[in-house]
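Structure file protein10.cif (mmCIF, C-alpha atoms and all ligand atoms) is printed below.
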data_input
loop_
_atom_site.label_atom_id
_atom_site.label_comp_id
_atom_site.auth_asym_id
_atom_site.auth_seq_id
_atom_site.Cartn_x
_atom_site.Cartn_y
_atom_site.Cartn_z
CA MET A 1 -56.23 -54.33 -109.32
CA GLY A 2 -56.93 -55.63 -105.84
CA LEU A 3 -60.02 -54.78 -103.81
CA LEU A 4 -57.90 -52.55 -101.55
CA THR A 5 -55.51 -51.02 -104.07
CA GLY A 6 -54.68 -47.45 -103.07
CA ARG A 7 -55.99 -47.92 -99.54
CA ARG A 8 -53.77 -47.45 -96.47
CA ALA A 9 -54.38 -49.73 -93.48
CA LEU A 10 -53.23 -49.66 -89.87
CA ILE A 11 -53.48 -53.06 -88.18
CA VAL A 12 -53.42 -53.12 -84.37
CA GLY A 13 -53.35 -56.39 -82.43
CA ILE A 14 -50.81 -58.78 -83.93
CA ALA A 15 -49.40 -60.99 -81.17
CA SER A 16 -48.19 -63.90 -83.32
CA GLU A 17 -48.31 -65.27 -86.86
CA ARG A 18 -51.52 -67.09 -85.90
CA SER A 19 -53.30 -63.87 -84.81
CA LEU A 20 -56.49 -63.02 -86.69
CA ALA A 21 -54.88 -59.59 -87.16
CA ALA A 22 -51.94 -61.26 -88.98
CA ALA A 23 -54.33 -63.12 -91.29
CA ILE A 24 -56.13 -59.82 -91.94
CA ALA A 25 -52.81 -58.09 -92.73
CA THR A 26 -51.90 -60.86 -95.19
CA ALA A 27 -55.26 -60.75 -96.97
CA MET A 28 -55.27 -56.95 -97.14
CA ALA A 29 -51.74 -56.91 -98.58
CA GLU A 30 -52.82 -59.49 -101.18
CA GLU A 31 -55.63 -57.11 -102.17
CA GLY A 32 -53.18 -54.27 -102.69
CA ALA A 33 -53.48 -52.34 -99.43
CA GLU A 34 -50.47 -50.46 -98.10
CA LEU A 35 -49.93 -51.50 -94.46
CA MET A 36 -48.53 -50.33 -91.19
CA LEU A 37 -48.58 -52.65 -88.18
CA THR A 38 -48.25 -51.98 -84.48
CA TYR A 39 -46.64 -54.01 -81.70
CA GLN A 40 -47.56 -53.80 -78.04
CA ASN A 41 -44.09 -53.90 -76.50
CA GLU A 42 -40.41 -54.70 -77.07
CA ARG A 43 -41.05 -58.40 -76.45
CA LEU A 44 -43.32 -58.51 -79.53
CA ARG A 45 -41.39 -56.08 -81.73
CA GLU A 46 -39.33 -58.63 -83.65
CA ARG A 47 -42.22 -61.05 -84.17
CA VAL A 48 -44.39 -58.27 -85.60
CA ALA A 49 -41.48 -56.98 -87.71
CA THR A 50 -41.08 -60.44 -89.27
CA ILE A 51 -44.78 -60.49 -90.19
CA GLY A 52 -44.44 -56.90 -91.41
CA GLY A 53 -41.62 -57.99 -93.71
CA ALA A 54 -43.72 -60.85 -95.10
CA VAL A 55 -46.65 -58.53 -95.96
CA GLY A 56 -44.45 -55.69 -97.21
CA ALA A 57 -45.54 -53.32 -94.43
CA LYS A 58 -44.28 -49.75 -94.70
CA ALA A 59 -43.51 -49.65 -90.96
CA CYS A 60 -44.08 -51.31 -87.60
CA LEU A 61 -44.83 -48.79 -84.85
CA PRO A 62 -45.11 -49.30 -81.09
CA CYS A 63 -48.60 -48.93 -79.64
CA GLU A 64 -49.80 -49.62 -76.11
CA VAL A 65 -53.54 -48.91 -76.34
CA THR A 66 -53.96 -48.19 -72.62
CA ASP A 67 -51.40 -45.37 -72.74
CA GLU A 68 -52.51 -41.98 -74.16
CA ALA A 69 -48.90 -40.86 -74.73
CA SER A 70 -48.29 -44.01 -76.79
CA LEU A 71 -51.41 -43.32 -78.87
CA GLN A 72 -50.24 -39.73 -79.45
CA ALA A 73 -46.85 -41.03 -80.59
CA LEU A 74 -48.60 -43.49 -82.92
CA SER A 75 -50.64 -40.66 -84.39
CA ALA A 76 -47.46 -38.65 -85.04
CA GLY A 77 -45.65 -41.71 -86.46
CA LEU A 78 -48.50 -42.36 -88.90
CA ALA A 79 -48.74 -38.71 -89.94
CA ALA A 80 -44.99 -38.68 -90.65
CA GLN A 81 -45.47 -41.26 -93.41
CA TRP A 82 -49.09 -40.95 -94.55
CA ASP A 83 -51.28 -37.92 -95.23
CA GLY A 84 -54.44 -39.98 -94.76
CA LEU A 85 -55.72 -43.37 -93.57
CA GLU A 86 -58.50 -45.48 -95.11
CA ILE A 87 -58.51 -48.57 -92.86
CA LEU A 88 -58.09 -49.13 -89.12
CA VAL A 89 -58.24 -52.70 -87.84
CA HIS A 90 -58.63 -53.13 -84.07
CA ALA A 91 -57.95 -56.70 -82.93
CA VAL A 92 -57.08 -56.17 -79.28
CA ALA A 93 -58.40 -57.95 -76.18
CA PHE A 94 -57.18 -58.86 -72.73
CA ALA A 95 -58.58 -59.98 -69.40
CA PRO A 96 -56.44 -61.38 -66.58
CA ALA A 97 -56.08 -65.16 -67.08
CA GLU A 98 -57.60 -65.98 -63.69
CA SER A 99 -60.81 -64.17 -64.67
CA LEU A 100 -61.33 -66.42 -67.72
CA ARG A 101 -62.18 -69.55 -65.80
CA GLY A 102 -64.59 -70.75 -63.18
CA ARG A 103 -67.86 -69.25 -61.98
CA TYR A 104 -68.53 -65.75 -63.28
CA ILE A 105 -69.51 -64.39 -59.88
CA GLU A 106 -66.30 -65.59 -58.28
CA SER A 107 -63.86 -64.80 -61.10
CA VAL A 108 -64.79 -61.18 -61.77
CA SER A 109 -62.78 -58.84 -59.61
CA ARG A 110 -63.17 -55.06 -59.97
CA GLU A 111 -59.58 -54.95 -61.28
CA ALA A 112 -60.19 -57.67 -63.90
CA SER A 113 -63.35 -55.90 -65.05
CA THR A 114 -61.59 -52.54 -65.36
CA VAL A 115 -58.66 -53.99 -67.30
CA ALA A 116 -60.86 -56.07 -69.61
CA HIS A 117 -63.03 -53.07 -70.51
CA ASP A 118 -60.09 -50.67 -70.90
CA VAL A 119 -57.97 -52.94 -73.12
CA SER A 120 -60.73 -54.72 -75.04
CA SER A 121 -63.40 -52.05 -75.46
CA TYR A 122 -62.29 -48.49 -74.72
CA SER A 123 -59.19 -48.97 -76.87
CA LEU A 124 -61.31 -48.91 -80.05
CA THR A 125 -62.56 -45.43 -79.26
CA ALA A 126 -59.11 -44.30 -78.11
CA LEU A 127 -57.58 -45.49 -81.41
CA ALA A 128 -60.39 -43.92 -83.42
CA ARG A 129 -59.71 -40.59 -81.71
CA ALA A 130 -55.93 -40.86 -82.18
CA THR A 131 -56.36 -41.52 -85.91
CA HIS A 132 -59.43 -39.33 -86.51
CA SER A 133 -57.74 -36.49 -88.40
CA LEU A 134 -55.96 -38.96 -90.72
CA LEU A 135 -59.18 -40.94 -91.26
CA ARG A 136 -60.98 -37.73 -92.24
CA LYS A 137 -58.33 -37.16 -94.91
CA GLY A 138 -58.67 -40.74 -96.18
CA ARG A 139 -61.27 -41.63 -98.80
CA ASP A 140 -64.27 -43.70 -97.64
CA ALA A 141 -62.46 -44.82 -94.51
CA ALA A 142 -63.49 -47.98 -92.66
CA LEU A 143 -62.87 -49.08 -89.07
CA LEU A 144 -63.13 -52.73 -88.11
CA THR A 145 -63.04 -54.47 -84.75
CA LEU A 146 -63.21 -58.12 -83.70
CA SER A 147 -65.84 -59.44 -81.35
CA TYR A 148 -67.17 -62.77 -80.15
CA LEU A 149 -70.54 -64.40 -79.43
CA GLY A 150 -69.81 -64.07 -75.71
CA ALA A 151 -70.98 -60.45 -76.13
CA GLU A 152 -74.53 -61.72 -76.80
CA ARG A 153 -74.75 -64.98 -74.82
CA ALA A 154 -73.27 -66.22 -71.57
CA VAL A 155 -70.46 -68.51 -72.78
CA PRO A 156 -68.84 -70.69 -70.08
CA ASN A 157 -65.47 -69.29 -68.90
CA TYR A 158 -65.58 -66.24 -71.21
CA ASN A 159 -66.78 -64.40 -68.11
CA ILE A 160 -65.85 -60.70 -67.93
CA MET A 161 -64.76 -60.71 -71.60
CA GLY A 162 -68.47 -61.07 -72.44
CA PRO A 163 -69.50 -57.70 -70.97
CA ALA A 164 -66.29 -56.18 -72.40
CA LYS A 165 -67.18 -57.38 -75.93
CA ALA A 166 -70.79 -56.19 -75.46
CA SER A 167 -69.36 -52.77 -74.60
CA LEU A 168 -67.05 -52.97 -77.62
CA GLU A 169 -70.00 -53.69 -79.94
CA ALA A 170 -71.97 -50.78 -78.46
CA SER A 171 -68.94 -48.48 -78.91
CA MET A 172 -68.69 -49.65 -82.52
CA ARG A 173 -72.32 -48.52 -83.08
CA TYR A 174 -71.76 -45.14 -81.38
CA LEU A 175 -68.66 -44.57 -83.50
CA ALA A 176 -70.61 -45.56 -86.63
CA ALA A 177 -73.28 -42.99 -85.74
CA ASP A 178 -70.74 -40.29 -84.94
CA LEU A 179 -68.33 -40.82 -87.86
CA GLY A 180 -70.89 -41.72 -90.52
CA PRO A 181 -71.47 -38.09 -91.55
CA GLU A 182 -67.72 -37.90 -92.32
CA GLY A 183 -68.01 -40.92 -94.61
CA ILE A 184 -66.27 -43.19 -92.10
CA ARG A 185 -67.84 -46.64 -91.62
CA VAL A 186 -67.40 -48.73 -88.46
CA ASN A 187 -68.15 -52.46 -88.23
CA ALA A 188 -67.33 -55.59 -86.25
CA ILE A 189 -66.72 -59.21 -87.13
CA SER A 190 -67.94 -61.70 -84.55
CA ALA A 191 -65.56 -64.57 -85.22
CA GLY A 192 -66.05 -68.18 -84.21
CA PRO A 193 -63.34 -69.73 -82.01
CA VAL A 194 -59.92 -70.09 -83.68
CA LYS A 195 -56.81 -71.56 -82.05
CA THR A 196 -54.63 -68.45 -81.72
CA LEU A 197 -52.20 -67.36 -79.01
CA ALA A 198 -55.11 -65.56 -77.31
CA ALA A 199 -56.96 -68.90 -77.11
CA SER A 200 -54.01 -70.97 -75.89
CA GLY A 201 -54.04 -71.62 -72.20
CA ILE A 202 -57.82 -71.24 -72.02
CA SER A 203 -59.12 -74.28 -70.20
CA GLY A 204 -61.51 -76.40 -72.24
CA PHE A 205 -60.78 -74.61 -75.52
CA ARG A 206 -60.27 -77.85 -77.44
CA THR A 207 -63.59 -79.24 -76.19
CA MET A 208 -65.19 -75.97 -77.20
CA LEU A 209 -63.77 -76.16 -80.74
CA GLN A 210 -65.12 -79.71 -81.01
CA HIS A 211 -68.59 -78.64 -79.79
CA HIS A 212 -68.57 -75.73 -82.22
CA ALA A 213 -67.66 -77.97 -85.16
CA GLU A 214 -70.42 -80.43 -84.28
CA GLN A 215 -73.19 -77.85 -83.74
CA ALA A 216 -72.46 -75.15 -86.34
CA PRO A 217 -74.65 -75.31 -89.46
CA LEU A 218 -71.55 -75.80 -91.64
CA ARG A 219 -70.40 -78.58 -89.25
CA ARG A 220 -66.85 -77.29 -89.00
CA ASN A 221 -64.72 -74.62 -87.38
CA ILE A 222 -63.61 -71.49 -89.18
CA GLU A 223 -60.17 -70.53 -90.39
CA ALA A 224 -58.37 -67.24 -89.73
CA ARG A 225 -58.29 -66.75 -93.50
CA GLU A 226 -62.11 -66.68 -93.59
CA VAL A 227 -62.21 -63.90 -91.00
CA ALA A 228 -59.63 -62.06 -93.10
CA GLN A 229 -61.73 -62.32 -96.29
CA ALA A 230 -64.72 -60.82 -94.46
CA ALA A 231 -62.41 -58.09 -93.11
CA VAL A 232 -61.29 -57.25 -96.67
CA PHE A 233 -64.95 -56.96 -97.69
CA LEU A 234 -65.93 -54.73 -94.76
CA CYS A 235 -62.93 -52.45 -95.40
CA SER A 236 -63.47 -52.23 -99.16
CA THR A 237 -65.99 -50.19 -101.13
CA ARG A 238 -67.88 -53.46 -101.80
CA SER A 239 -69.53 -52.84 -98.41
CA SER A 240 -70.12 -49.10 -98.99
CA ALA A 241 -73.59 -49.05 -97.35
CA ILE A 242 -72.70 -51.25 -94.35
CA THR A 243 -71.92 -49.55 -91.05
CA GLY A 244 -72.75 -50.24 -87.41
CA GLU A 245 -72.96 -53.95 -88.27
CA VAL A 246 -71.78 -57.08 -86.45
CA LEU A 247 -71.02 -59.70 -89.10
CA HIS A 248 -70.82 -63.25 -87.74
CA VAL A 249 -68.04 -65.30 -89.33
CA ASP A 250 -68.67 -68.46 -87.36
CA ALA A 251 -69.91 -71.21 -89.71
CA GLY A 252 -73.43 -70.21 -88.61
CA TYR A 253 -73.05 -71.17 -84.94
CA HIS A 254 -74.78 -67.98 -83.69
CA ALA A 255 -77.95 -68.92 -85.55
CA VAL A 256 -78.57 -72.22 -83.79
O1 LIG B 1 -61.73 -62.92 -77.06
C1 LIG B 1 -61.19 -64.01 -76.95
C2 LIG B 1 -60.02 -64.21 -76.04
C3 LIG B 1 -59.35 -62.95 -75.61
C4 LIG B 1 -58.42 -63.12 -74.44
C5 LIG B 1 -57.55 -64.19 -74.31
C6 LIG B 1 -56.71 -64.26 -73.21
C7 LIG B 1 -55.78 -65.42 -72.97
C8 LIG B 1 -54.57 -65.01 -72.14
C9 LIG B 1 -58.45 -62.17 -73.47
N1 LIG B 1 -57.64 -62.21 -72.39
C10 LIG B 1 -56.77 -63.23 -72.26
N2 LIG B 1 -55.96 -63.24 -71.15
C11 LIG B 1 -54.92 -64.10 -71.02
O2 LIG B 1 -54.24 -64.09 -69.98
N3 LIG B 1 -61.71 -65.05 -77.67
C12 LIG B 1 -62.87 -64.85 -78.49
C13 LIG B 1 -61.14 -66.41 -77.62
C14 LIG B 1 -61.79 -67.13 -76.49
O3 LIG B 1 -61.37 -66.98 -75.24
C15 LIG B 1 -62.20 -67.73 -74.42
C16 LIG B 1 -63.15 -68.36 -75.20
C17 LIG B 1 -62.92 -67.98 -76.53
C18 LIG B 1 -63.69 -68.38 -77.73
C19 LIG B 1 -62.17 -67.90 -73.05
C20 LIG B 1 -63.12 -68.71 -72.45
C21 LIG B 1 -64.08 -69.33 -73.21
C22 LIG B 1 -64.12 -69.17 -74.60
#
Would it be possible to restate this file's structure as structure tokens?
Amino acid sequence: MGLLTGRRALIVGIASERSLAAAIATAMAEEGAELMLTYQNERLRERVATIGGAVGAKACLPCEVTDEASLQALSAGLAAQWDGLEILVHAVAFAPAESLRGRYIESVSREASTVAHDVSSYSLTALARATHSLLRKGRDAALLTLSYLGAERAVPNYNIMGPAKASLEASMRYLAADLGPEGIRVNAISAGPVKTLAASGISGFRTMLQHHAEQAPLRRNIEAREVAQAAVFLCSTRSSAITGEVLHVDAGYHAV
């Protein structure tokens, strides 16, 4: 029996096979979870479907988190196949590329700020609402989101994503407070930098990985698989008293 046997998981935020969300899907499937995945648009449909095939997903459904009609359709699509949901993984973030470099004060337009907060923070609450009735019917349901140290410290070039992740972490705590009485737990993993599609094209990312490996207590970078193992824990009954928590999976970098 796996740690997640009998648990149904919806994973939102796979953009490629290197996505943390893809590693989480793989680890959850290995632990016996039944999965459904979402894809953001037609361009990503096939890539997500391939990953879905590899993890034995029951279905891949479209989901654009900034579109209420899309979230409603997702809710209906889930309800057509499942009568409850135990796990929701939110691994979604976006800020316009030009806002992720240079001086903070110059890079942050009103538009970039709005988009970053809508896609990267509000979407957790929007997804929680869209899946709420199914989560209530699930047993000991757990929500999980992904954050980053830039929520707590000013990290060069992370810029508006920092405030957006701070908002995401605050939303996670409000959801934990609100859904706790229904037996639904809500947590975040603050992951160290990993070379995913989301990190490609970010100027100075390689230098940053090198700095992280040199300074972190464990003197190395982390692997997507290690984030996934923590995700399994936080979405299993092994963490039954943990909610409203930000768990750092970063080789200890946040502590130094
Ligand atoms: O949250 C993130 C990155 C999320 C992200 C990535 C992109 C790249 C493509 C959000 N929006 C976009 N927009 C794009 O156009 N991380 C934790 C990874 C990351 O991104 C950084 C980092 C780290 C770490 C950006 C600057 C500095 C450090």
**Prompt:** Do you know which residues are within 9 Å of ligand LIG 1 (chain B) using all atoms listed in the file? Can you write them as a count of residues only?
**Reply:** 43
**Minimum-distance residue to Ala33 of chain A, chosen among A:Gly244, A:Gly138, A:Gly56, A:Pro62 (using all atoms listed in the file)** =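 Between A:Gly244, A:Gly138, A:Gly56, A:Pro62, the residue approaching Ala33 of chain A most closely is A:Gly56.
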**Prompt:** Looking at only C-alpha atoms, which of A:Gly32, A:Gly53, A:Gly13, A:Gly77 is the one that sits closest to Met1 of chain A?
**Reply:**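 Using only C-alpha atoms, the shortest distance to Met1 of chain A belongs to A:Gly32.
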**Asked** Which neighbours of Ala15 of chain A fall inside 8 Å, counting all atoms listed in the file, when residues of the same chain fewer than 6 positions from it are skipped, and could you give them as JSON, numbers by chain?
**Response** {"A": [39, 44, 47, 48, 197]}
**Message:** One number please: atom CA of Thr243 of chain A to atom CA of Asn187 of chain A, in Å, one decimal.
**Reply:**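 Separating atom CA of Thr243 of chain A from atom CA of Asn187 of chain A is a distance of 5.5 Å.
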**Message:** Let me make sure I understand: among A:Ala130, A:Leu10, A:Met28, A:Val115, which one has the smallest atom-to-atom distance to Glu68 of chain A if we use only C-alpha atoms?
**Reply:**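 Smallest separation from Glu68 of chain A among the options: A:Ala130.
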Adding 4 Å on each side of the box along x, y and z that holds all listed atoms of segment 235-253 of chain A, could you give its centre and edge lengths in Å to one decimal, as JSON?
{"center_x": -68.3, "center_y": -60.1, "center_z": -93.4, "size_x": 18.7, "size_y": 30.2, "size_z": 24.9}
**Complete:** Expressed in Å, the length from atom CA of Ile11 of chain A to atom CA of Arg136 of chain A is 17.5 Å
**Prompt:** Which residue, A:Arg18, A:Arg8, A:His211, A:His132, has the smallest gap to Glu223 of chain A when you use only C-alpha atoms?
**Reply:** A:Arg18
